[in-house]
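Asker: Have a peek at query26.tsv (TSV, C-alpha atoms).
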chain	number	residue	atom	x	y	z
A	44	MET	CA	35.21	-35.71	47.06
A	45	ARG	CA	36.38	-33.74	50.08
A	46	ALA	CA	33.49	-34.16	52.50
A	47	ARG	CA	29.98	-35.55	52.68
A	48	ASP	CA	27.12	-35.54	55.17
A	49	THR	CA	23.36	-35.90	55.09
A	50	GLU	CA	22.86	-32.32	53.86
A	51	GLN	CA	25.56	-31.70	51.26
A	52	VAL	CA	28.55	-32.96	49.34
A	53	THR	CA	31.80	-31.00	48.95
A	54	VAL	CA	33.91	-31.79	45.90
A	55	ALA	CA	37.15	-30.42	44.46
A	56	VAL	CA	37.11	-28.89	40.98
A	57	PRO	CA	40.13	-29.57	38.73
A	58	SER	CA	42.10	-26.47	37.82
A	59	TRP	CA	41.59	-27.03	34.09
A	60	ARG	CA	37.78	-26.93	34.35
A	61	ASN	CA	37.43	-23.22	33.76
A	62	ASP	CA	33.78	-23.67	32.81
A	63	ILE	CA	33.06	-24.63	36.42
A	64	ASN	CA	35.69	-22.57	38.24
A	65	ALA	CA	34.58	-19.30	36.64
A	66	PRO	CA	31.85	-17.48	38.56
A	67	ALA	CA	28.41	-17.27	36.95
A	68	VAL	CA	27.77	-14.01	35.09
A	69	LEU	CA	24.19	-12.76	34.99
A	70	ASP	CA	23.01	-10.26	32.38
A	71	LEU	CA	20.42	-8.49	34.53
A	72	SER	CA	18.34	-5.51	33.52
A	73	PRO	CA	19.65	-2.22	34.92
A	74	THR	CA	16.09	-1.28	35.90
A	75	LEU	CA	15.86	-4.05	38.53
A	76	ALA	CA	15.74	-3.01	42.16
A	77	PRO	CA	18.92	-3.67	44.21
A	78	GLU	CA	17.14	-6.12	46.51
A	79	VAL	CA	15.92	-8.11	43.49
A	80	VAL	CA	19.47	-8.21	42.05
A	81	ALA	CA	20.86	-9.44	45.37
A	82	ARG	CA	18.20	-12.15	45.67
A	83	VAL	CA	18.73	-13.38	42.10
A	84	THR	CA	22.54	-13.41	42.49
A	85	GLU	CA	22.32	-15.34	45.75
A	86	GLY	CA	19.98	-17.89	44.25
A	87	CYS	CA	22.22	-18.40	41.22
A	88	ALA	CA	25.26	-18.93	43.46
A	89	ALA	CA	23.35	-21.64	45.36
A	90	ILE	CA	21.96	-23.46	42.31
A	91	GLU	CA	24.81	-23.25	39.80
A	92	PRO	CA	27.32	-25.57	41.64
A	93	GLU	CA	24.66	-28.21	42.16
A	94	ALA	CA	23.73	-28.10	38.46
A	95	ASP	CA	27.41	-28.50	37.49
A	96	LEU	CA	27.78	-31.53	39.79
A	97	VAL	CA	24.66	-33.17	38.41
A	98	GLU	CA	26.00	-32.66	34.90
A	99	GLU	CA	29.31	-34.37	35.79
A	100	VAL	CA	27.54	-37.35	37.36
A	101	LEU	CA	25.40	-37.75	34.25
A	102	ARG	CA	28.50	-37.57	32.05
A	103	LEU	CA	30.35	-40.25	33.99
A	104	LYS	CA	27.51	-42.66	34.73
A	105	GLY	CA	25.57	-42.20	31.49
A	106	LEU	CA	22.04	-40.98	30.77
A	107	ASP	CA	20.87	-44.58	30.34
A	108	ALA	CA	21.44	-45.12	34.07
A	109	VAL	CA	18.93	-42.40	35.00
A	110	PRO	CA	15.43	-43.83	35.53
A	111	PRO	CA	12.74	-41.92	33.61
A	112	VAL	CA	10.30	-40.04	35.83
A	113	SER	CA	7.30	-38.18	34.43
A	114	LEU	CA	6.85	-34.56	35.41
A	115	PRO	CA	3.94	-33.88	37.73
A	116	ARG	CA	0.75	-33.01	35.90
A	117	MET	CA	-0.37	-29.49	36.75
A	118	ALA	CA	-3.99	-30.00	35.72
A	119	PRO	CA	-6.11	-32.85	34.30
A	120	VAL	CA	-6.69	-30.78	31.16
A	121	PRO	CA	-3.61	-29.12	29.63
A	122	LEU	CA	-3.68	-25.36	29.29
A	123	ALA	CA	-4.02	-23.74	25.88
A	124	THR	CA	-0.70	-23.22	24.13
A	125	LEU	CA	-1.98	-20.42	21.86
A	126	THR	CA	-3.34	-17.07	22.94
A	127	SER	CA	-6.75	-15.96	21.72
A	128	LYS	CA	-5.05	-13.60	19.25
A	129	GLN	CA	-2.96	-16.45	17.81
A	130	GLN	CA	-6.05	-18.63	17.56
A	131	ARG	CA	-7.92	-15.83	15.78
A	132	THR	CA	-5.06	-15.41	13.30
A	133	ALA	CA	-4.96	-19.13	12.50
A	134	LEU	CA	-8.74	-19.21	12.12
A	135	ALA	CA	-8.60	-16.26	9.72
A	136	ARG	CA	-6.14	-18.15	7.52
A	137	ARG	CA	-8.28	-21.27	7.49
A	138	THR	CA	-11.47	-19.33	6.72
A	139	LEU	CA	-9.98	-17.36	3.81
A	140	ALA	CA	-8.50	-20.52	2.34
A	141	ALA	CA	-11.96	-22.10	2.55
A	142	GLN	CA	-13.29	-19.06	0.65
A	143	GLY	CA	-11.08	-20.09	-2.27
A	144	LEU	CA	-8.27	-17.58	-1.76
A	145	VAL	CA	-4.60	-18.59	-2.01
A	146	GLU	CA	-2.28	-17.46	0.79
A	147	CYS	CA	0.66	-15.20	-0.06
A	148	VAL	CA	3.66	-14.14	1.98
A	149	THR	CA	4.83	-10.84	0.51
A	150	PHE	CA	7.41	-8.27	1.59
A	151	SER	CA	6.31	-5.80	4.26
A	152	PHE	CA	8.09	-3.03	2.36
A	153	MET	CA	7.73	-1.58	-1.10
A	154	ALA	CA	8.61	1.42	-3.24
A	155	THR	CA	7.52	4.76	-1.81
A	156	ALA	CA	5.78	5.83	-5.03
A	157	GLU	CA	3.69	2.64	-5.08
A	158	ALA	CA	2.95	2.77	-1.35
A	159	ALA	CA	1.64	6.33	-1.77
A	160	LEU	CA	-1.15	4.95	-3.98
A	161	PHE	CA	-2.54	3.02	-0.98
A	162	GLY	CA	-2.09	5.44	1.90
A	163	PRO	CA	0.19	7.94	3.65
A	164	THR	CA	3.96	7.39	3.50
A	165	PRO	CA	5.32	9.30	6.51
A	166	ASP	CA	9.06	9.56	7.12
A	167	PRO	CA	8.99	7.44	10.33
A	168	LEU	CA	7.87	4.48	8.19
A	169	ARG	CA	10.62	4.91	5.60
A	170	LEU	CA	13.63	2.58	5.73
A	171	SER	CA	17.02	4.23	6.18
A	172	ASN	CA	18.93	1.20	4.92
A	173	PRO	CA	16.62	-0.80	2.61
A	174	ILE	CA	17.67	-4.11	1.09
A	175	ALA	CA	16.88	-2.63	-2.35
A	176	ALA	CA	16.34	0.88	-3.67
A	177	ASP	CA	12.72	0.11	-4.62
A	178	LEU	CA	11.88	-1.41	-1.21
A	179	ASP	CA	12.32	1.66	0.97
A	180	GLN	CA	8.85	2.13	2.49
A	181	LEU	CA	6.84	0.04	4.95
A	182	ARG	CA	3.50	-0.82	3.39
A	183	PRO	CA	0.41	1.03	4.69
A	184	THR	CA	-1.76	-2.00	3.93
A	185	ALA	CA	-1.22	-5.59	2.85
A	186	ILE	CA	-3.59	-4.90	-0.06
A	187	ALA	CA	-0.76	-2.94	-1.69
A	188	THR	CA	1.67	-5.85	-1.91
A	189	LEU	CA	-1.16	-8.23	-2.86
A	190	ALA	CA	-2.05	-5.93	-5.76
A	191	LEU	CA	1.57	-5.97	-6.94
A	192	ALA	CA	1.61	-9.77	-6.70
A	193	ALA	CA	-1.61	-9.92	-8.72
A	194	GLN	CA	-0.06	-7.65	-11.37
A	195	ARG	CA	2.94	-9.95	-11.72
A	196	ASN	CA	0.67	-13.00	-12.01
A	197	ALA	CA	-1.49	-11.28	-14.62
A	198	ALA	CA	1.60	-10.32	-16.64
A	199	ARG	CA	2.47	-14.04	-16.80
A	200	GLY	CA	-0.93	-15.07	-18.12
A	201	TYR	CA	-2.97	-15.60	-14.93
A	202	PRO	CA	-5.46	-12.71	-14.84
A	203	ASP	CA	-8.12	-14.44	-12.71
A	204	GLN	CA	-6.86	-14.83	-9.17
A	205	ALA	CA	-7.82	-14.69	-5.51
A	206	LEU	CA	-5.06	-13.95	-2.98
A	207	PHE	CA	-4.90	-13.27	0.74
A	208	GLU	CA	-2.30	-12.55	3.39
A	209	VAL	CA	-2.34	-12.39	7.17
A	210	GLY	CA	0.43	-10.01	8.16
A	211	PRO	CA	1.33	-6.54	9.43
A	212	ALA	CA	0.27	-3.17	8.11
A	213	PHE	CA	2.24	-0.10	9.18
A	214	ARG	CA	0.56	3.13	10.25
A	215	THR	CA	1.67	5.90	12.55
A	216	ASP	CA	-1.70	5.90	14.37
A	217	ALA	CA	-1.44	2.18	15.25
A	218	GLU	CA	0.06	0.87	18.47
A	219	HIS	CA	3.83	0.42	18.04
A	220	GLY	CA	3.39	1.63	14.45
A	221	GLN	CA	1.88	-1.58	13.11
A	222	CYS	CA	-1.21	-3.76	13.35
A	223	GLN	CA	-1.94	-7.35	12.41
A	224	THR	CA	-4.36	-7.59	9.48
A	225	ALA	CA	-6.06	-10.13	7.27
A	226	ALA	CA	-6.30	-8.80	3.71
A	227	GLY	CA	-7.47	-10.29	0.44
A	228	LEU	CA	-7.71	-9.35	-3.22
A	229	ARG	CA	-9.67	-10.82	-6.12
A	230	ALA	CA	-8.93	-9.84	-9.72
A	231	GLY	CA	-10.36	-10.73	-13.12
A	232	ALA	CA	-13.39	-12.96	-13.32
A	233	THR	CA	-14.97	-15.61	-11.14
A	234	SER	CA	-14.12	-19.23	-11.81
A	235	ARG	CA	-16.02	-21.20	-14.45
A	236	SER	CA	-18.96	-23.15	-13.11
A	237	TRP	CA	-22.06	-24.93	-14.33
A	238	ILE	CA	-24.12	-23.12	-11.69
A	239	ALA	CA	-23.57	-19.60	-13.08
A	240	PRO	CA	-21.56	-18.04	-15.92
A	241	ALA	CA	-18.24	-16.36	-15.15
A	242	ARG	CA	-18.45	-12.64	-14.35
A	243	GLY	CA	-16.13	-9.89	-13.29
A	244	VAL	CA	-15.52	-9.65	-9.56
A	245	ASP	CA	-17.34	-6.87	-7.72
A	246	ALA	CA	-17.40	-5.23	-4.30
A	247	MET	CA	-19.87	-7.77	-2.92
A	248	ASP	CA	-17.31	-10.54	-3.45
A	249	ALA	CA	-14.87	-8.68	-1.21
A	250	LYS	CA	-17.62	-7.97	1.31
A	251	GLY	CA	-18.53	-11.66	1.41
A	252	ASP	CA	-14.91	-12.61	2.15
A	253	LEU	CA	-14.67	-9.98	4.87
A	254	TRP	CA	-17.95	-11.04	6.47
A	255	ALA	CA	-16.84	-14.67	6.45
A	256	VAL	CA	-13.57	-13.99	8.29
A	257	MET	CA	-15.30	-11.64	10.77
A	258	ALA	CA	-17.92	-14.27	11.56
A	259	ALA	CA	-15.16	-16.83	12.15
A	260	ALA	CA	-13.35	-14.38	14.44
A	261	GLY	CA	-16.46	-13.99	16.58
A	262	VAL	CA	-17.46	-10.48	15.52
A	263	PRO	CA	-21.21	-9.88	16.11
A	264	LEU	CA	-22.31	-9.11	12.56
A	265	GLU	CA	-25.67	-7.65	13.54
A	266	ALA	CA	-23.90	-4.85	15.43
A	267	LEU	CA	-21.80	-3.66	12.47
A	268	MET	CA	-22.15	-0.40	10.58
A	269	VAL	CA	-20.97	0.25	7.01
A	270	THR	CA	-20.00	3.81	6.11
A	271	PRO	CA	-18.97	5.13	2.68
A	272	ASP	CA	-15.73	6.81	3.80
A	273	ALA	CA	-13.35	4.08	2.62
A	274	PRO	CA	-9.65	4.85	1.95
A	275	GLY	CA	-8.76	6.64	-1.26
A	276	PHE	CA	-7.44	3.59	-3.11
A	277	TYR	CA	-10.99	2.22	-3.24
A	278	HIS	CA	-13.58	3.24	-5.83
A	279	PRO	CA	-15.96	5.81	-4.26
A	280	GLY	CA	-19.52	4.52	-4.16
A	281	ARG	CA	-18.31	0.93	-4.51
A	282	SER	CA	-16.61	0.53	-1.16
A	283	GLY	CA	-17.18	0.95	2.54
A	284	MET	CA	-15.67	1.07	6.01
A	285	VAL	CA	-16.86	-1.46	8.59
A	286	CYS	CA	-17.28	-0.15	12.13
A	287	GLN	CA	-18.36	-1.69	15.40
A	288	GLY	CA	-19.86	1.20	17.26
A	289	PRO	CA	-19.00	4.84	16.63
A	290	LYS	CA	-15.24	4.55	17.27
A	291	THR	CA	-14.00	1.05	16.51
A	292	VAL	CA	-12.99	0.64	12.85
A	293	LEU	CA	-12.62	-3.04	11.98
A	294	GLY	CA	-11.80	-2.92	8.29
A	295	SER	CA	-12.74	-1.95	4.77
A	296	PHE	CA	-13.80	-3.51	1.48
A	297	GLY	CA	-14.60	-2.49	-2.05
A	298	GLU	CA	-13.47	-2.17	-5.62
A	299	VAL	CA	-9.92	-0.94	-6.17
A	300	HIS	CA	-9.87	2.45	-7.89
A	301	PRO	CA	-9.14	2.33	-11.66
A	302	ARG	CA	-6.50	5.03	-11.17
A	303	VAL	CA	-4.57	2.75	-8.79
A	304	LEU	CA	-4.92	-0.23	-11.12
A	305	ALA	CA	-3.59	1.80	-14.04
A	306	ALA	CA	-0.64	3.05	-11.99
A	307	ILE	CA	0.53	-0.47	-11.10
A	308	GLY	CA	-0.33	-1.97	-14.49
A	309	LEU	CA	-3.10	-4.34	-13.34
A	310	THR	CA	-6.06	-4.81	-15.66
A	311	GLY	CA	-9.32	-4.63	-13.72
A	312	PRO	CA	-11.64	-5.32	-12.23
A	313	ALA	CA	-10.07	-5.94	-8.83
A	314	VAL	CA	-11.69	-5.92	-5.40
A	315	ALA	CA	-10.08	-6.10	-1.97
A	316	PHE	CA	-10.78	-6.15	1.74
A	317	GLU	CA	-8.83	-5.71	4.96
A	318	LEU	CA	-9.65	-6.68	8.55
A	319	ASN	CA	-7.70	-5.26	11.48
A	320	LEU	CA	-7.33	-8.33	13.70
A	321	ASP	CA	-5.98	-6.21	16.56
A	322	ALA	CA	-9.26	-4.27	16.65
A	323	VAL	CA	-11.38	-7.40	17.11
A	324	ALA	CA	-12.47	-7.51	20.74
A	325	GLU	CA	-11.48	-10.43	22.93
A	326	PRO	CA	-14.35	-12.89	23.36
A	327	LYS	CA	-16.19	-12.63	26.65
A	328	ARG	CA	-15.65	-15.59	28.92
A	329	ARG	CA	-19.14	-16.67	29.88
A	330	ARG	CA	-20.41	-19.89	31.26
A	331	ARG	CA	-22.40	-21.60	28.56
A	332	SER	CA	-26.02	-22.15	29.37
A	333	ALA	CA	-28.50	-24.50	27.77
A	334	PRO	CA	-29.51	-23.43	24.25
A	335	ASP	CA	-32.68	-21.38	23.98
A	336	LEU	CA	-34.94	-23.40	21.67
A	337	PRO	CA	-38.40	-21.83	21.31
A	338	ALA	CA	-41.31	-24.23	21.30
A	339	PHE	CA	-43.16	-22.27	18.60
A	340	GLN	CA	-42.25	-21.93	14.95
A	341	PRO	CA	-41.06	-18.54	13.65
A	342	LEU	CA	-43.22	-16.36	11.44
A	343	ARG	CA	-41.74	-14.54	8.41
A	344	ARG	CA	-43.15	-11.41	6.83
A	345	ASP	CA	-41.80	-9.38	3.88
A	346	PHE	CA	-41.94	-5.59	3.69
A	347	ALA	CA	-40.95	-3.41	0.72
A	348	PHE	CA	-40.26	0.26	1.52
A	349	LEU	CA	-39.94	3.20	-0.86
A	350	VAL	CA	-37.15	5.44	0.43
A	351	ASP	CA	-34.90	8.23	-0.81
A	352	SER	CA	-31.86	7.05	-2.76
A	353	ALA	CA	-29.57	8.45	-0.06
A	354	VAL	CA	-31.07	6.21	2.65
A	355	THR	CA	-28.86	3.22	3.41
A	356	ALA	CA	-30.17	-0.29	3.84
A	357	ASP	CA	-28.45	-0.47	7.22
A	358	THR	CA	-30.66	2.34	8.53
A	359	VAL	CA	-33.81	0.48	7.49
A	360	LEU	CA	-32.59	-2.79	9.01
A	361	ARG	CA	-31.74	-1.17	12.34
A	362	ALA	CA	-35.08	0.57	12.54
A	363	ALA	CA	-36.99	-2.63	11.79
A	364	ARG	CA	-34.92	-4.61	14.30
A	365	GLY	CA	-35.73	-2.15	17.07
A	366	ALA	CA	-39.49	-2.13	16.48
A	367	GLU	CA	-40.21	-5.27	18.57
A	368	ARG	CA	-36.99	-6.35	20.29
A	369	ASN	CA	-38.63	-9.11	22.34
A	370	LEU	CA	-40.41	-10.59	19.34
A	371	ILE	CA	-38.20	-9.97	16.27
A	372	ALA	CA	-35.51	-12.63	15.93
A	373	GLY	CA	-33.94	-11.43	12.69
A	374	VAL	CA	-34.11	-8.89	9.85
A	375	ALA	CA	-32.52	-9.35	6.43
A	376	LEU	CA	-32.39	-7.36	3.18
A	377	PHE	CA	-33.29	-9.44	0.12
A	378	ASP	CA	-33.99	-6.93	-2.67
A	379	VAL	CA	-32.91	-3.47	-3.81
A	380	TYR	CA	-34.59	-1.91	-6.85
A	381	GLU	CA	-34.04	1.41	-8.60
A	382	GLY	CA	-35.24	2.41	-12.01
A	383	ASP	CA	-38.41	2.12	-14.07
A	384	LYS	CA	-41.80	2.70	-12.41
A	385	LEU	CA	-40.27	4.36	-9.37
A	386	PRO	CA	-40.19	8.12	-8.75
A	387	GLU	CA	-36.91	9.86	-9.48
A	388	GLY	CA	-34.58	9.89	-6.51
A	389	LYS	CA	-36.32	6.91	-4.90
A	390	LYS	CA	-35.46	3.24	-4.44
A	391	SER	CA	-37.17	0.16	-3.08
A	392	LEU	CA	-35.70	-1.83	-0.20
A	393	ALA	CA	-37.36	-5.16	0.57
A	394	ILE	CA	-36.67	-6.82	3.92
A	395	GLU	CA	-37.67	-10.05	5.61
A	396	VAL	CA	-38.62	-9.85	9.29
A	397	VAL	CA	-38.66	-13.00	11.44
A	398	PHE	CA	-41.08	-12.94	14.38
A	399	GLN	CA	-40.35	-15.57	17.03
A	400	PRO	CA	-43.14	-16.12	19.58
A	401	ARG	CA	-42.04	-17.69	22.88
A	402	GLU	CA	-45.07	-17.95	25.10
A	403	ARG	CA	-47.88	-18.82	22.69
A	404	THR	CA	-48.87	-18.75	19.05
A	405	LEU	CA	-49.59	-15.26	17.75
A	406	THR	CA	-53.08	-14.36	16.66
A	407	ASP	CA	-53.81	-12.61	13.36
A	408	ALA	CA	-54.45	-9.36	15.22
A	409	GLU	CA	-51.10	-9.59	17.04
A	410	ILE	CA	-49.27	-10.31	13.80
A	411	GLU	CA	-50.91	-7.31	12.17
A	412	THR	CA	-50.02	-5.09	15.16
A	413	SER	CA	-46.38	-6.20	15.08
A	414	GLY	CA	-46.20	-5.56	11.34
A	415	GLN	CA	-47.57	-2.06	11.80
A	416	LYS	CA	-44.92	-1.38	14.46
A	417	VAL	CA	-42.21	-2.35	11.97
A	418	ILE	CA	-43.69	-0.04	9.32
A	419	ALA	CA	-43.99	2.83	11.78
A	420	ALA	CA	-40.44	2.39	13.07
A	421	VAL	CA	-38.94	2.40	9.56
A	422	ALA	CA	-41.09	5.36	8.51
A	423	LYS	CA	-40.00	7.36	11.57
A	424	ALA	CA	-36.31	6.62	11.03
A	425	THR	CA	-36.13	7.09	7.24
A	426	GLY	CA	-39.34	8.70	6.05
A	427	ALA	CA	-40.14	5.54	4.08
A	428	VAL	CA	-43.55	4.50	2.84
A	429	LEU	CA	-44.75	0.97	2.29
A	430	ARG	CA	-44.98	-0.02	-1.36
Is it possible to give me this structure as structure tokens?
Answerer:
Amino acid sequence: MRARDTEQVTVAVPSWRNDINAPAVLDLSPTLAPEVVARVTEGCAAIEPEADLVEEVLRLKGLDAVPPVSLPRMAPVPLATLTSKQQRTALARRTLAAQGLVECVTFSFMATAEAALFGPTPDPLRLSNPIAADLDQLRPTAIATLALAAQRNAARGYPDQALFEVGPAFRTDAEHGQCQTAAGLRAGATSRSWIAPARGVDAMDAKGDLWAVMAAAGVPLEALMVTPDAPGFYHPGRSGMVCQGPKTVLGSFGEVHPRVLAAIGLTGPAVAFELNLDAVAEPKRRRRSAPDLPAFQPLRRDFAFLVDSAVTADTVLRAARGAERNLIAGVALFDVYEGDKLPEGKKSLAIEVVFQPRERTLTDAEIETSGQKVIAAVAKATGAVLR
């Protein structure tokens, strides 16, 4: 020690302690402003010697001589350690596992010829130095590598399977060339059960898995639209795209095309879904209010409409929901019928409408009036007639 006062201590550094004698070297970004560089360098020069001295004292006296002192608590409730996106990803995994799917971790790259079956294979997404000759293309969707995993399992005697993966998909139109997705695939038949006989998987199984993970992620299901323009690796007419509004595409579901199954050697049927987790909107931070519990019991009425075969059920549901917005609490489709005793080119869509009074019990006349408004709204939107 050379000198000491109430403000500082001056010590001599042995010549052989190059780790302390050498000046601190900072690896600063070249984009920093000169005044920021000067301030950071000055601060490092002031802090570094003190840190070295503290380290030497600890080495000589021993850590057991340092009394433990808890860090000050910043808040009575600790802050969240995961972002909302990380929480959504973990919740997607838990939900799909609860659906009976087994998680996979597959390669994010595959052979170009196989990747082309599931989407575009542009040159920017091709690997210049792949780890293997048949792994030279970034996958356009996680469904592709899940399908290959299912094929390998089926070749080893396990044809009935349900797999999922939460991981990246690579597309040139996505931000930074990739997006985080939750994808799943079911192949073969459903599991044996005393409730119902085993059957081949269909598109509604994939839709159920997709709806379950979207509900867990906080997507408002009543605001979704299903369109028939699914990617080409799905079976046309047995698949759909899920959109939230006219521009936001959330995902897709459906039966995998037989041509794709034959190309990869997987015996069908096989169904799949994919949810773009990056496209799910962040939840709105609102102060929770007391739950709205109506004092009156809901009233349910069934309506069966005869519509053209081209009319979608979603169009009928939206029209019925908008007939009495302040009174209708829910609309659900419970039956679709096409065939005998119906005119050619027609189908029957049966819906349940839930009326929820809030101020008083509805009279018979008011119930009849509300029902007529539903019929008129559906007829105006689709040209339907009541069966």
Asker: Taking all atoms listed in the file into account, name the residue in A:Arg199, A:Arg302, A:Lys423, A:Lys416 that is nearest to A:Thr358.
Answerer: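 Looking at the shortest contact to A:Thr358, the residue is A:Lys423.
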Asker: Could you give me, as a count of residues only, the residues within 12 Å of A:Ile63, counting all atoms listed in the file and dropping anything in the same chain fewer than 2 positions from it?
Answerer: 21
Asker: Counting only C-alpha atoms, figure out which residue out of A:Ala123, A:Ile174, A:Ile307, A:Val262 gets nearest to A:Ala159.
Answerer: A:Ile307
Asker: Given the choices A:Arg195, A:Ile238, A:Ala273, A:Thr132, which gets closest to A:Asn319 if the distance is worked out from all atoms listed in the file?
Answerer: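 Among the listed residues, A:Thr132 lies closest to A:Asn319.
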Asker: Quick check, in Å to one decimal: how far apart do atom CA of A:Ala226 and atom CA of A:Gly294 lie?
Answerer: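 A separation of 9.3 Å between them.
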Asker: Return the single residue from A:Cys286, A:Val323, A:Leu267, A:Ala198 that is closest to A:Ala225, with distances computed using all atoms listed in the file.
Answerer: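 Closest to A:Ala225 of all the choices is A:Val323.
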Asker: Find, counting only C-alpha atoms, the residue in A:Val303, A:Leu360, A:Leu139, A:Ala375 that gets nearest to A:Met257.
Answerer: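 Nearest candidate to A:Met257 out of A:Val303, A:Leu360, A:Leu139, A:Ala375: A:Leu139.
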Asker: Provide the atom CA of A:Ser234 to atom CA of A:Pro202 distance in Å, to one decimal place.
Answerer: 11.3 Å
Asker: Select, counting all atoms listed in the file, all protein, DNA and RNA residues no farther than 12 Å from (-41.1, -21.0, 11.9) in file coordinates, and express the selection as an MDAnalysis selection string.
Answerer: chainID A and resid 336:344 372:373 396:401 404:405
Asker: Measuring between all atoms listed in the file, which one of A:Pro301, A:Ala422, A:Ala306, A:Glu387 shows the shortest distance to A:Phe348?
Answerer: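 Comparing A:Pro301, A:Ala422, A:Ala306, A:Glu387 against A:Phe348, the winner is A:Ala422.
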Asker: Have a look at atom CA of A:Ala156 and atom CA of A:Gly297 and let me know their distance in Å, one decimal.
Answerer: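 Straight-line distance from atom CA of A:Ala156 to atom CA of A:Gly297 works out to 22.2 Å.
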Asker: Where atoms are missing, can you supply N, CA and C atoms for stretch 131-145 of chain A and output the lot as an mmCIF file, keeping the file's coordinate frame?
Answerer:
data_model
loop_
_atom_site.group_PDB
_atom_site.id
_atom_site.type_symbol
_atom_site.label_atom_id
_atom_site.label_comp_id
_atom_site.auth_asym_id
_atom_site.auth_seq_id
_atom_site.Cartn_x
_atom_site.Cartn_y
_atom_site.Cartn_z
ATOM 1 N N ARG A 131 -7.145 -16.623 16.744
ATOM 2 C CA ARG A 131 -7.920 -15.830 15.780
ATOM 3 C C ARG A 131 -7.170 -15.703 14.458
ATOM 4 N N THR A 132 -5.861 -15.523 14.521
ATOM 5 C CA THR A 132 -5.060 -15.410 13.300
ATOM 6 C C THR A 132 -5.085 -16.705 12.503
ATOM 7 N N ALA A 133 -4.926 -17.841 13.191
ATOM 8 C CA ALA A 133 -4.960 -19.130 12.500
ATOM 9 C C ALA A 133 -6.341 -19.394 11.905
ATOM 10 N N LEU A 134 -7.385 -19.004 12.623
ATOM 11 C CA LEU A 134 -8.740 -19.210 12.120
ATOM 12 C C LEU A 134 -9.015 -18.332 10.898
ATOM 13 N N ALA A 135 -8.448 -17.134 10.884
ATOM 14 C CA ALA A 135 -8.600 -16.260 9.720
ATOM 15 C C ALA A 135 -7.969 -16.893 8.486
ATOM 16 N N ARG A 136 -6.789 -17.475 8.640
ATOM 17 C CA ARG A 136 -6.140 -18.150 7.520
ATOM 18 C C ARG A 136 -6.994 -19.299 6.998
ATOM 19 N N ARG A 137 -7.495 -20.108 7.906
ATOM 20 C CA ARG A 137 -8.280 -21.270 7.490
ATOM 21 C C ARG A 137 -9.568 -20.836 6.795
ATOM 22 N N THR A 138 -10.206 -19.789 7.302
ATOM 23 C CA THR A 138 -11.470 -19.330 6.720
ATOM 24 C C THR A 138 -11.254 -18.762 5.319
ATOM 25 N N LEU A 139 -10.228 -17.955 5.127
ATOM 26 C CA LEU A 139 -9.980 -17.360 3.810
ATOM 27 C C LEU A 139 -9.562 -18.419 2.801
ATOM 28 N N ALA A 140 -8.832 -19.428 3.247
ATOM 29 C CA ALA A 140 -8.500 -20.520 2.340
ATOM 30 C C ALA A 140 -9.761 -21.273 1.929
ATOM 31 N N ALA A 141 -10.699 -21.444 2.872
ATOM 32 C CA ALA A 141 -11.960 -22.100 2.550
ATOM 33 C C ALA A 141 -12.810 -21.267 1.599
ATOM 34 N N GLN A 142 -12.582 -19.950 1.584
ATOM 35 C CA GLN A 142 -13.290 -19.060 0.650
ATOM 36 C C GLN A 142 -12.735 -19.169 -0.769
ATOM 37 N N GLY A 143 -11.665 -19.924 -0.946
ATOM 38 C CA GLY A 143 -11.080 -20.090 -2.270
ATOM 39 C C GLY A 143 -9.917 -19.168 -2.561
ATOM 40 N N LEU A 144 -9.404 -18.468 -1.557
ATOM 41 C CA LEU A 144 -8.270 -17.580 -1.760
ATOM 42 C C LEU A 144 -6.970 -18.338 -1.466
ATOM 43 N N VAL A 145 -5.913 -17.963 -2.152
ATOM 44 C CA VAL A 145 -4.600 -18.590 -2.010
ATOM 45 C C VAL A 145 -3.729 -17.683 -1.143
#
